[in-house]
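Source file: coords02.cif. Holds: mmCIF, C-alpha atoms and all ligand atoms.
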data_entry
#
loop_
_atom_site.group_PDB
_atom_site.id
_atom_site.type_symbol
_atom_site.label_atom_id
_atom_site.label_comp_id
_atom_site.auth_asym_id
_atom_site.auth_seq_id
_atom_site.Cartn_x
_atom_site.Cartn_y
_atom_site.Cartn_z
ATOM 1 C CA GLU A 281 20.476 -1.245 -54.379
ATOM 2 C CA GLN A 282 18.035 -2.505 -57.021
ATOM 3 C CA ALA A 283 17.050 1.058 -57.878
ATOM 4 C CA LEU A 284 20.639 1.820 -58.926
ATOM 5 C CA PHE A 285 20.191 -0.413 -61.953
ATOM 6 C CA THR A 286 18.523 1.540 -64.721
ATOM 7 C CA GLU A 287 18.895 -1.271 -67.228
ATOM 8 C CA LYS A 288 16.613 -4.194 -66.508
ATOM 9 C CA PRO A 289 17.392 -6.713 -69.254
ATOM 10 C CA LEU A 290 15.575 -9.514 -67.393
ATOM 11 C CA SER A 291 12.365 -7.640 -66.624
ATOM 12 C CA GLY A 292 9.285 -9.748 -67.220
ATOM 13 C CA LEU A 293 11.313 -12.950 -66.792
ATOM 14 C CA LYS A 294 11.153 -15.515 -63.996
ATOM 15 C CA VAL A 295 14.488 -16.889 -62.855
ATOM 16 C CA LEU A 296 14.872 -19.970 -60.655
ATOM 17 C CA VAL A 297 18.238 -20.431 -58.937
ATOM 18 C CA SER A 298 19.504 -23.273 -56.751
ATOM 19 C CA ALA A 299 22.445 -22.673 -54.436
ATOM 20 C CA GLY A 300 24.495 -24.115 -51.619
ATOM 21 C CA PRO A 301 25.095 -27.636 -50.387
ATOM 22 C CA THR A 302 22.580 -30.291 -49.390
ATOM 23 C CA GLN A 303 22.552 -32.190 -46.096
ATOM 24 C CA GLU A 304 21.833 -35.923 -46.079
ATOM 25 C CA ALA A 305 20.861 -37.131 -42.616
ATOM 26 C CA LEU A 306 22.420 -40.323 -41.212
ATOM 27 C CA ASP A 307 20.596 -40.129 -37.908
ATOM 28 C CA PRO A 308 19.043 -37.333 -35.830
ATOM 29 C CA VAL A 309 22.446 -35.777 -35.090
ATOM 30 C CA ARG A 310 24.637 -36.435 -38.169
ATOM 31 C CA TYR A 311 24.651 -35.674 -41.869
ATOM 32 C CA LEU A 312 26.734 -35.824 -45.061
ATOM 33 C CA THR A 313 27.421 -32.573 -46.895
ATOM 34 C CA ASN A 314 30.059 -30.717 -48.952
ATOM 35 C CA HIS A 315 32.042 -27.467 -48.963
ATOM 36 C CA SER A 316 29.637 -25.362 -51.033
ATOM 37 C CA SER A 317 29.205 -21.881 -49.524
ATOM 38 C CA GLY A 318 26.303 -20.844 -51.745
ATOM 39 C CA LYS A 319 28.085 -17.625 -52.778
ATOM 40 C CA MET A 320 27.862 -18.181 -56.544
ATOM 41 C CA GLY A 321 24.147 -19.030 -56.481
ATOM 42 C CA TYR A 322 23.297 -16.136 -54.165
ATOM 43 C CA ALA A 323 25.277 -13.773 -56.413
ATOM 44 C CA LEU A 324 23.261 -15.029 -59.401
ATOM 45 C CA ALA A 325 19.965 -14.521 -57.573
ATOM 46 C CA LYS A 326 20.931 -10.982 -56.575
ATOM 47 C CA ALA A 327 22.174 -10.069 -60.056
ATOM 48 C CA ALA A 328 19.019 -11.440 -61.683
ATOM 49 C CA ARG A 329 16.918 -9.396 -59.241
ATOM 50 C CA ASN A 330 18.942 -6.255 -60.002
ATOM 51 C CA TRP A 331 18.352 -6.841 -63.703
ATOM 52 C CA GLY A 332 14.600 -6.886 -63.142
ATOM 53 C CA ALA A 333 13.773 -10.598 -62.958
ATOM 54 C CA GLU A 334 11.317 -12.183 -60.542
ATOM 55 C CA VAL A 335 13.658 -14.539 -58.692
ATOM 56 C CA THR A 336 13.149 -17.687 -56.616
ATOM 57 C CA LEU A 337 16.176 -18.985 -54.717
ATOM 58 C CA VAL A 338 16.071 -22.585 -53.529
ATOM 59 C CA HIS A 339 19.051 -23.207 -51.292
ATOM 60 C CA GLY A 340 20.577 -25.688 -48.911
ATOM 61 C CA PRO A 341 21.961 -24.607 -45.533
ATOM 62 C CA THR A 342 24.317 -21.621 -45.870
ATOM 63 C CA THR A 343 25.549 -18.860 -43.582
ATOM 64 C CA LEU A 344 24.636 -16.141 -46.097
ATOM 65 C CA PRO A 345 21.954 -13.544 -45.336
ATOM 66 C CA PRO A 346 18.772 -13.887 -47.429
ATOM 67 C CA VAL A 347 18.705 -11.893 -50.668
ATOM 68 C CA ARG A 348 16.176 -9.066 -50.428
ATOM 69 C CA ASN A 349 13.208 -9.113 -52.802
ATOM 70 C CA VAL A 350 13.901 -12.694 -53.803
ATOM 71 C CA ALA A 351 11.565 -15.573 -52.894
ATOM 72 C CA ASP A 352 13.646 -17.544 -50.398
ATOM 73 C CA MET A 353 13.088 -21.317 -50.245
ATOM 74 C CA PRO A 354 15.388 -23.083 -47.772
ATOM 75 C CA VAL A 355 15.755 -26.860 -48.106
ATOM 76 C CA THR A 356 18.027 -29.501 -46.589
ATOM 77 C CA SER A 357 18.298 -32.805 -48.483
ATOM 78 C CA ALA A 358 18.787 -33.448 -52.197
ATOM 79 C CA GLN A 359 15.275 -34.857 -52.284
ATOM 80 C CA SER A 360 13.723 -31.758 -50.734
ATOM 81 C CA MET A 361 15.725 -29.584 -53.127
ATOM 82 C CA ALA A 362 14.404 -31.636 -56.056
ATOM 83 C CA GLU A 363 10.796 -31.464 -54.888
ATOM 84 C CA THR A 364 10.957 -27.715 -54.289
ATOM 85 C CA LEU A 365 12.681 -26.869 -57.568
ATOM 86 C CA LEU A 366 10.315 -29.034 -59.593
ATOM 87 C CA MET A 367 7.359 -27.011 -58.269
ATOM 88 C CA TYR A 368 8.784 -23.857 -59.875
ATOM 89 C CA VAL A 369 10.301 -25.166 -63.100
ATOM 90 C CA GLU A 370 7.246 -24.967 -65.309
ATOM 91 C CA ASP A 371 6.703 -21.306 -64.522
ATOM 92 C CA SER A 372 10.373 -20.292 -64.961
ATOM 93 C CA ASP A 373 12.077 -18.836 -68.030
ATOM 94 C CA LEU A 374 15.624 -19.353 -66.851
ATOM 95 C CA ILE A 375 16.746 -22.104 -64.476
ATOM 96 C CA ILE A 376 20.253 -22.000 -63.013
ATOM 97 C CA LYS A 377 21.507 -24.939 -60.959
ATOM 98 C CA ALA A 378 24.431 -23.656 -58.939
ATOM 99 C CA ALA A 379 23.763 -25.972 -55.969
ATOM 100 C CA ALA A 380 26.216 -28.690 -54.974
ATOM 101 C CA VAL A 381 23.725 -31.534 -54.684
ATOM 102 C CA ALA A 382 24.744 -34.736 -52.878
ATOM 103 C CA ASP A 383 25.098 -37.605 -55.366
ATOM 104 C CA TYR A 384 24.427 -40.196 -52.654
ATOM 105 C CA THR A 385 22.307 -40.351 -49.524
ATOM 106 C CA PRO A 386 22.091 -42.954 -46.731
ATOM 107 C CA ILE A 387 19.745 -45.829 -47.711
ATOM 108 C CA GLU A 388 17.728 -44.861 -44.674
ATOM 109 C CA MET A 389 17.939 -42.415 -41.836
ATOM 110 C CA ALA A 390 18.339 -44.120 -38.455
ATOM 111 C CA ALA A 391 15.453 -43.120 -36.185
ATOM 112 C CA GLN A 392 17.744 -43.022 -33.156
ATOM 113 C CA LYS A 393 21.314 -41.800 -32.754
ATOM 114 C CA ILE A 394 23.672 -44.496 -34.039
ATOM 115 C CA LYS A 395 25.731 -45.846 -31.106
ATOM 116 C CA LYS A 396 29.386 -46.678 -31.571
ATOM 117 C CA SER A 397 30.704 -50.212 -31.167
ATOM 118 C CA GLU A 398 34.041 -51.974 -31.632
ATOM 119 C CA GLY A 399 35.589 -52.264 -35.097
ATOM 120 C CA GLU A 400 34.747 -50.641 -38.420
ATOM 121 C CA PHE A 401 31.473 -49.067 -39.371
ATOM 122 C CA GLN A 402 30.045 -49.318 -42.882
ATOM 123 C CA LEU A 403 27.711 -46.830 -44.429
ATOM 124 C CA THR A 404 25.519 -47.822 -47.382
ATOM 125 C CA LEU A 405 24.426 -45.029 -49.690
ATOM 126 C CA LYS A 406 21.990 -44.862 -52.599
ATOM 127 C CA ARG A 407 21.964 -42.455 -55.530
ATOM 128 C CA THR A 408 19.940 -39.257 -55.355
ATOM 129 C CA GLN A 409 17.882 -37.931 -58.244
ATOM 130 C CA ASP A 410 19.893 -35.919 -60.786
ATOM 131 C CA ILE A 411 17.832 -32.738 -60.572
ATOM 132 C CA LEU A 412 19.530 -30.911 -63.440
ATOM 133 C CA LYS A 413 19.048 -33.892 -65.716
ATOM 134 C CA THR A 414 15.377 -34.193 -64.761
ATOM 135 C CA ILE A 415 14.840 -30.481 -65.488
ATOM 136 C CA GLY A 416 16.876 -30.653 -68.713
ATOM 137 C CA GLU A 417 14.857 -33.576 -70.037
ATOM 138 C CA ARG A 418 11.581 -31.792 -69.344
ATOM 139 C CA LYS A 419 12.527 -28.310 -70.518
ATOM 140 C CA ARG A 420 10.434 -26.523 -73.124
ATOM 141 C CA GLU A 421 11.821 -24.808 -76.219
ATOM 142 C CA ASP A 422 11.276 -21.402 -74.605
ATOM 143 C CA GLN A 423 13.225 -22.175 -71.420
ATOM 144 C CA VAL A 424 16.941 -21.994 -70.735
ATOM 145 C CA VAL A 425 18.615 -24.407 -68.334
ATOM 146 C CA CYS A 426 22.113 -23.697 -67.005
ATOM 147 C CA GLY A 427 24.131 -26.070 -64.832
ATOM 148 C CA PHE A 428 27.538 -26.055 -63.238
ATOM 149 C CA ALA A 429 30.282 -28.662 -63.373
ATOM 150 C CA MET A 430 32.900 -29.046 -60.682
ATOM 151 C CA GLU A 431 35.929 -30.999 -61.842
ATOM 152 C CA THR A 432 39.443 -31.777 -60.690
ATOM 153 C CA GLU A 433 40.630 -33.288 -64.003
ATOM 154 C CA GLN A 434 39.703 -33.278 -67.705
ATOM 155 C CA LEU A 435 37.540 -30.204 -67.188
ATOM 156 C CA LEU A 436 36.296 -29.664 -70.719
ATOM 157 C CA GLU A 437 35.635 -33.312 -71.562
ATOM 158 C CA HIS A 438 33.664 -33.896 -68.387
ATOM 159 C CA ALA A 439 31.784 -30.605 -68.633
ATOM 160 C CA ARG A 440 30.802 -31.257 -72.260
ATOM 161 C CA ALA A 441 29.556 -34.727 -71.323
ATOM 162 C CA LYS A 442 27.372 -33.083 -68.632
ATOM 163 C CA LEU A 443 26.031 -30.501 -71.112
ATOM 164 C CA GLU A 444 24.872 -33.324 -73.345
ATOM 165 C CA SER A 445 23.711 -35.955 -70.866
ATOM 166 C CA LYS A 446 21.712 -33.436 -68.816
ATOM 167 C CA HIS A 447 20.220 -31.624 -71.850
ATOM 168 C CA ALA A 448 21.449 -28.291 -70.504
ATOM 169 C CA ASP A 449 21.778 -25.168 -72.668
ATOM 170 C CA MET A 450 24.860 -24.015 -70.796
ATOM 171 C CA ILE A 451 27.370 -25.514 -68.367
ATOM 172 C CA VAL A 452 29.617 -23.348 -66.225
ATOM 173 C CA ALA A 453 32.741 -25.397 -65.624
ATOM 174 C CA ASN A 454 34.919 -24.865 -62.542
ATOM 175 C CA ASP A 455 38.331 -26.421 -62.209
ATOM 176 C CA LEU A 456 39.019 -26.973 -58.521
ATOM 177 C CA ARG A 457 42.776 -27.052 -59.185
ATOM 178 C CA GLU A 458 42.592 -23.532 -60.571
ATOM 179 C CA HIS A 459 43.842 -20.745 -58.308
ATOM 180 C CA GLY A 460 40.972 -18.406 -57.441
ATOM 181 C CA ALA A 461 38.182 -20.850 -58.291
ATOM 182 C CA GLY A 462 35.842 -23.010 -56.292
ATOM 183 C CA PHE A 463 34.427 -23.376 -52.816
ATOM 184 C CA GLY A 464 34.137 -20.704 -50.177
ATOM 185 C CA ILE A 465 36.129 -17.947 -51.893
ATOM 186 C CA ASP A 466 34.888 -14.720 -53.459
ATOM 187 C CA THR A 467 36.301 -15.226 -56.946
ATOM 188 C CA ASN A 468 35.818 -17.800 -59.647
ATOM 189 C CA ARG A 469 37.452 -18.694 -62.936
ATOM 190 C CA VAL A 470 35.185 -20.631 -65.243
ATOM 191 C CA THR A 471 34.775 -21.889 -68.764
ATOM 192 C CA VAL A 472 31.305 -21.570 -70.242
ATOM 193 C CA LEU A 473 30.199 -24.417 -72.523
ATOM 194 C CA THR A 474 27.245 -24.302 -74.900
ATOM 195 C CA ALA A 475 26.278 -26.179 -78.050
ATOM 196 C CA GLN A 476 28.157 -23.402 -79.908
ATOM 197 C CA GLY A 477 31.491 -23.931 -78.186
ATOM 198 C CA GLU A 478 33.619 -22.919 -75.229
ATOM 199 C CA GLU A 479 34.511 -19.583 -73.727
ATOM 200 C CA SER A 480 37.091 -19.168 -70.966
ATOM 201 C CA LEU A 481 36.307 -16.196 -68.766
ATOM 202 C CA PRO A 482 38.952 -14.328 -66.773
ATOM 203 C CA ILE A 483 39.096 -14.608 -62.991
ATOM 204 C CA MET A 484 36.298 -12.453 -61.585
ATOM 205 C CA ARG A 485 34.517 -11.758 -58.345
ATOM 206 C CA LYS A 486 31.460 -14.002 -58.078
ATOM 207 C CA GLU A 487 29.184 -10.910 -58.073
ATOM 208 C CA GLU A 488 30.671 -9.778 -61.370
ATOM 209 C CA LEU A 489 30.704 -13.259 -62.879
ATOM 210 C CA ALA A 490 26.980 -13.546 -62.102
ATOM 211 C CA TYR A 491 26.181 -10.760 -64.589
ATOM 212 C CA ALA A 492 28.473 -12.275 -67.224
ATOM 213 C CA LEU A 493 26.658 -15.615 -66.874
ATOM 214 C CA LEU A 494 23.182 -14.036 -66.925
ATOM 215 C CA GLU A 495 24.111 -12.109 -70.058
ATOM 216 C CA ARG A 496 25.028 -15.354 -71.815
ATOM 217 C CA CYS A 497 21.873 -17.118 -70.622
ATOM 218 C CA LEU A 498 19.777 -14.214 -71.909
ATOM 219 C CA THR A 499 21.449 -14.417 -75.320
ATOM 220 C CA ILE A 500 20.521 -18.111 -75.555
ATOM 221 C CA LEU A 501 16.959 -17.380 -74.397
ATOM 222 C CA LYS A 502 16.536 -14.690 -77.062
ATOM 223 C CA GLU A 503 17.919 -16.982 -79.766
ATOM 224 C CA LYS A 504 15.511 -19.734 -78.749
ATOM 225 C CA ARG A 505 12.538 -17.381 -78.683
ATOM 226 C CA GLU A 506 13.310 -15.872 -82.069
ATOM 227 C CA LYS A 507 12.923 -19.259 -83.699
HETATM 228 N N1 LIG A 601 23.225 -31.898 -60.014
HETATM 229 C C1 LIG A 601 21.882 -32.096 -59.772
HETATM 230 N N2 LIG A 601 21.460 -33.178 -59.052
HETATM 231 C C2 LIG A 601 22.346 -34.080 -58.571
HETATM 232 C C3 LIG A 601 23.728 -33.897 -58.814
HETATM 233 C C4 LIG A 601 24.138 -32.783 -59.542
HETATM 234 O O1 LIG A 601 21.069 -31.281 -60.210
HETATM 235 N N3 LIG A 601 21.903 -35.117 -57.871
HETATM 236 C C5 LIG A 601 23.635 -30.727 -60.818
HETATM 237 C C6 LIG A 601 24.450 -29.710 -60.071
HETATM 238 O O2 LIG A 601 23.607 -28.750 -59.447
HETATM 239 C C7 LIG A 601 25.267 -29.080 -61.180
HETATM 240 C C8 LIG A 601 25.446 -30.211 -62.180
HETATM 241 O O3 LIG A 601 24.422 -31.179 -61.871
HETATM 242 O O4 LIG A 601 24.567 -28.029 -61.825
HETATM 243 C C9 LIG A 601 26.770 -30.879 -62.184
HETATM 244 O O5 LIG A 601 27.110 -31.332 -60.894
HETATM 245 P P1 LIG A 601 28.450 -32.163 -60.725
HETATM 246 O O6 LIG A 601 28.528 -32.652 -59.307
HETATM 247 O O7 LIG A 601 29.599 -31.398 -61.275
HETATM 248 O O8 LIG A 601 28.189 -33.398 -61.725
HETATM 249 P P2 LIG A 601 27.520 -34.801 -61.553
HETATM 250 O O9 LIG A 601 26.574 -34.979 -62.696
HETATM 251 O O10 LIG A 601 26.937 -34.975 -60.192
HETATM 252 O O11 LIG A 601 28.701 -35.807 -61.798
HETATM 253 P P3 LIG A 601 30.013 -36.104 -60.877
HETATM 254 O O12 LIG A 601 29.764 -35.528 -59.497
HETATM 255 O O13 LIG A 601 30.123 -37.585 -60.886
HETATM 256 O O14 LIG A 601 31.155 -35.402 -61.590
HETATM 257 CA CA CA A 602 28.089 -34.589 -58.249
#
Now, as a test, write the supplied structure out as structure tokens.
Ligand code: CTP
Ligand code: CA
Amino acid sequence: EQALFTEKPLSGLKVLVSAGPTQEALDPVRYLTNHSSGKMGYALAKAARNWGAEVTLVHGPTTLPPVRNVADMPVTSAQSMAETLLMYVEDSDLIIKAAAVADYTPIEMAAQKIKKSEGEFQLTLKRTQDILKTIGERKREDQVVCGFAMETEQLLEHARAKLESKHADMIVANDLREHGAGFGIDTNRVTVLTAQGEESLPIMRKEELAYALLERCLTILKEKREK
């Protein structure tokens, strides 16, 4: 499949992609997670590979087959995703955070299976590290960092706040209310935000959208490197 692509606009570049959900263990048999399928991140990894990049894919548990000729790094918790990604950041040109990382994790994992008892049960959670923000704050002038934003209201306001607070170069904003966007399905409809402004893209298959997003990341990378 790779050989079919004669144009390799990302050749010589290292691309780091995160994809899928995380799993936060409560006890040996239970965990907290979300509906992320990993499809968007896997599509980005595959597209970057087809365009000639050396790709590392750090992903939470998904049912997707591994992407050929991509370094596959499976992780489970938000913390393990953070630790793994941070090992590769320095050596990457383009970092794309498509993973749906848990914002909270149990204060501690019970060593034994939690037994039920009468009445209500309360779970106490603590915040996880904001991986995108950590990477954004550390990024060099010659690196491009792209995040996603999943919203159900005030899409552009919230996505722009994330672009700024996380020091990202680009945020791909998904509106979960939008038909044909979001978890589990094969299409997405996004708005791309950068320091320059906003661009609403038409509904596309995730495979096709991946190239559109990589193209925009590459434009930003070239602009930064020309300076
Ligand atoms: N993200 C991250 N680490 C976290 C949480 C989120 O790296 N602990 C990244 C996601 O991978 C995504 C971006 O931040 O690229 C935005 O995620 P989102 O859940 O939309 O935003 P949050 O900043 O977590 O804010 P909230 O969930 O409150 O809207
Ligand atoms: Ca979140």
If the box runs along x, y and z of the file and leaves 6 Å on each side of ligand LIG 601 (chain A), what are its centre and edge lengths in Å, one decimal, as JSON?
{"center_x": 26.1, "center_y": -32.8, "center_z": -60.3, "size_x": 22.1, "size_y": 21.6, "size_z": 16.8}
**Message:** Give me, as a PyMOL selection string, the set of residues whose atoms come within 10 Å of any atom of ligand CA 602 (chain A), counting all atoms listed in the file.
**Reply:** chain A and resi 379-384+408+410+428-431
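With distances taken over all atoms listed in the file, A:Asp449 is the one residue among A:Glu363, A:Asp422, A:Asp449, A:Glu334 lying closest to Cys497 of chain A.
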**Request:** Tell me which protein, DNA and RNA residues are within 7 Å of segment 292-307 of chain A, counting all atoms listed in the file, leaving out same-chain ones fewer than 2 positions away, and put them as JSON, numbers by chain.
**Result:** {"A": [290, 309, 310, 311, 312, 313, 314, 316, 317, 318, 321, 322, 325, 333, 334, 335, 336, 337, 338, 339, 340, 341, 342, 356, 357, 358, 372, 373, 374, 375, 376, 377, 378, 379, 380, 381, 382, 385, 386, 389, 390, 391, 392, 393, 394]}
**Asked** Written as a ChimeraX atom specification, which residues does the PyMOL selection byres (((chain A and resi 477-485) around 12) and not hetatm) give for the file shown?
**Response** /A:319-320,323-324,435-437,439-440,443,449-455,458-462,465-476,486-493,496
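Reported to one decimal place, the separation of atom CA of Thr364 of chain A from atom CA of Glu421 of chain A is 22.1 Å.
Distance check against ligand LIG 601 (chain A) using only C-alpha atoms and all ligand atoms: of A:Lys326, A:Arg457, A:Arg505, A:Lys446, the minimum falls on A:Lys446.
Closest approach to ligand LIG 601 (chain A) among A:Glu370, A:Glu400, A:Glu433, A:Glu388: A:Glu433, based on only C-alpha atoms and all ligand atoms.
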**Request:** Using only C-alpha atoms, determine which residues lie at most 8 Å from Gln409 of chain A, disregarding the query and same-chain residues fewer than 2 positions distant; provide the list as an MDAnalysis selection string.
**Result:** chainID A and resid 358:359 362 383 407 411 414
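Note that atom O3 of ligand LIG 601 (chain A) and atom CA of Ala351 of chain A are 22.1 Å apart.
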**Residues near Ser291 of chain A, cut-off 10 Å, all atoms listed in the file, skip fewer than 6 positions along chain, as number ranges by chain** = A: 328-334
**Complete:** Computed gap from atom CA of His438 of chain A to atom CA of Cys426 of chain A is 15.5 Å
**Item:** Nearest to ligand LIG 601 (chain A) by atom-to-atom distance, counting all atoms listed in the file, from A:Ile387, A:Leu365, A:Leu284, A:Val424
**Value:** A:Leu365
**Complete:** Counting only C-alpha atoms and all ligand atoms, closest pick from A:Ala441, A:Leu412, A:Ile500, A:Val425 relative to ligand LIG 601 (chain A) is A:Leu412
**Message:** So, with all atoms listed in the file as the atoms that count, which of A:Leu456, A:Leu498, A:His447, A:Val355 lies closest to His315 of chain A?
**Reply:** A:Leu456
Atom completion result for segment 334-358 of chain A (N, CA and C atoms) as a CSV table (one decimal), keeping the file's coordinate frame:
chain,number,residue,atom,x,y,z
A,334,GLU,N,12.0,-11.7,-61.7
A,334,GLU,CA,11.3,-12.2,-60.5
A,334,GLU,C,12.1,-13.5,-60.2
A,335,VAL,N,12.7,-13.5,-59.0
A,335,VAL,CA,13.7,-14.5,-58.7
A,335,VAL,C,13.2,-15.4,-57.5
A,336,THR,N,13.3,-16.7,-57.7
A,336,THR,CA,13.1,-17.7,-56.6
A,336,THR,C,14.5,-18.4,-56.4
A,337,LEU,N,14.9,-18.4,-55.1
A,337,LEU,CA,16.2,-19.0,-54.7
A,337,LEU,C,15.9,-20.2,-53.8
A,338,VAL,N,16.2,-21.4,-54.3
A,338,VAL,CA,16.1,-22.6,-53.5
A,338,VAL,C,17.5,-23.0,-53.1
A,339,HIS,N,17.7,-23.0,-51.8
A,339,HIS,CA,19.1,-23.2,-51.3
A,339,HIS,C,19.1,-24.1,-50.1
A,340,GLY,N,20.2,-24.9,-50.1
A,340,GLY,CA,20.6,-25.7,-48.9
A,340,GLY,C,21.1,-24.8,-47.8
A,341,PRO,N,21.5,-25.4,-46.7
A,341,PRO,CA,22.0,-24.6,-45.5
A,341,PRO,C,23.2,-23.8,-45.8
A,342,THR,N,23.1,-22.5,-45.7
A,342,THR,CA,24.3,-21.6,-45.9
A,342,THR,C,24.4,-20.6,-44.7
A,343,THR,N,25.5,-19.9,-44.6
A,343,THR,CA,25.5,-18.9,-43.6
A,343,THR,C,25.3,-17.5,-44.2
A,344,LEU,N,24.8,-17.4,-45.4
A,344,LEU,CA,24.6,-16.1,-46.1
A,344,LEU,C,23.3,-15.5,-45.7
A,345,PRO,N,23.2,-14.2,-45.6
A,345,PRO,CA,22.0,-13.5,-45.3
A,345,PRO,C,21.0,-13.7,-46.5
A,346,PRO,N,19.7,-13.8,-46.3
A,346,PRO,CA,18.8,-13.9,-47.4
A,346,PRO,C,18.9,-12.7,-48.4
A,347,VAL,N,18.6,-13.0,-49.7
A,347,VAL,CA,18.7,-11.9,-50.7
A,347,VAL,C,17.4,-11.2,-50.7
A,348,ARG,N,17.4,-9.8,-50.5
A,348,ARG,CA,16.2,-9.1,-50.4
A,348,ARG,C,15.4,-9.1,-51.7
A,349,ASN,N,14.1,-9.1,-51.6
A,349,ASN,CA,13.2,-9.1,-52.8
A,349,ASN,C,13.4,-10.3,-53.7
A,350,VAL,N,13.8,-11.4,-53.1
A,350,VAL,CA,13.9,-12.7,-53.8
A,350,VAL,C,13.1,-13.7,-53.0
A,351,ALA,N,12.3,-14.5,-53.6
A,351,ALA,CA,11.6,-15.6,-52.9
A,351,ALA,C,12.6,-16.6,-52.4
A,352,ASP,N,12.6,-16.7,-51.1
A,352,ASP,CA,13.6,-17.5,-50.4
A,352,ASP,C,13.0,-18.9,-50.0
A,353,MET,N,13.6,-20.0,-50.5
A,353,MET,CA,13.1,-21.3,-50.2
A,353,MET,C,14.2,-22.2,-49.7
A,354,PRO,N,14.3,-22.2,-48.4
A,354,PRO,CA,15.4,-23.1,-47.8
A,354,PRO,C,15.0,-24.6,-47.8
A,355,VAL,N,16.0,-25.4,-48.1
A,355,VAL,CA,15.8,-26.9,-48.1
A,355,VAL,C,17.0,-27.5,-47.4
A,356,THR,N,16.9,-28.8,-47.2
A,356,THR,CA,18.0,-29.5,-46.6
A,356,THR,C,18.6,-30.6,-47.5
A,357,SER,N,17.8,-31.7,-47.7
A,357,SER,CA,18.3,-32.8,-48.5
A,357,SER,C,18.2,-32.6,-50.0
A,358,ALA,N,18.9,-33.5,-50.7
A,358,ALA,CA,18.8,-33.4,-52.2
A,358,ALA,C,17.3,-33.7,-52.6
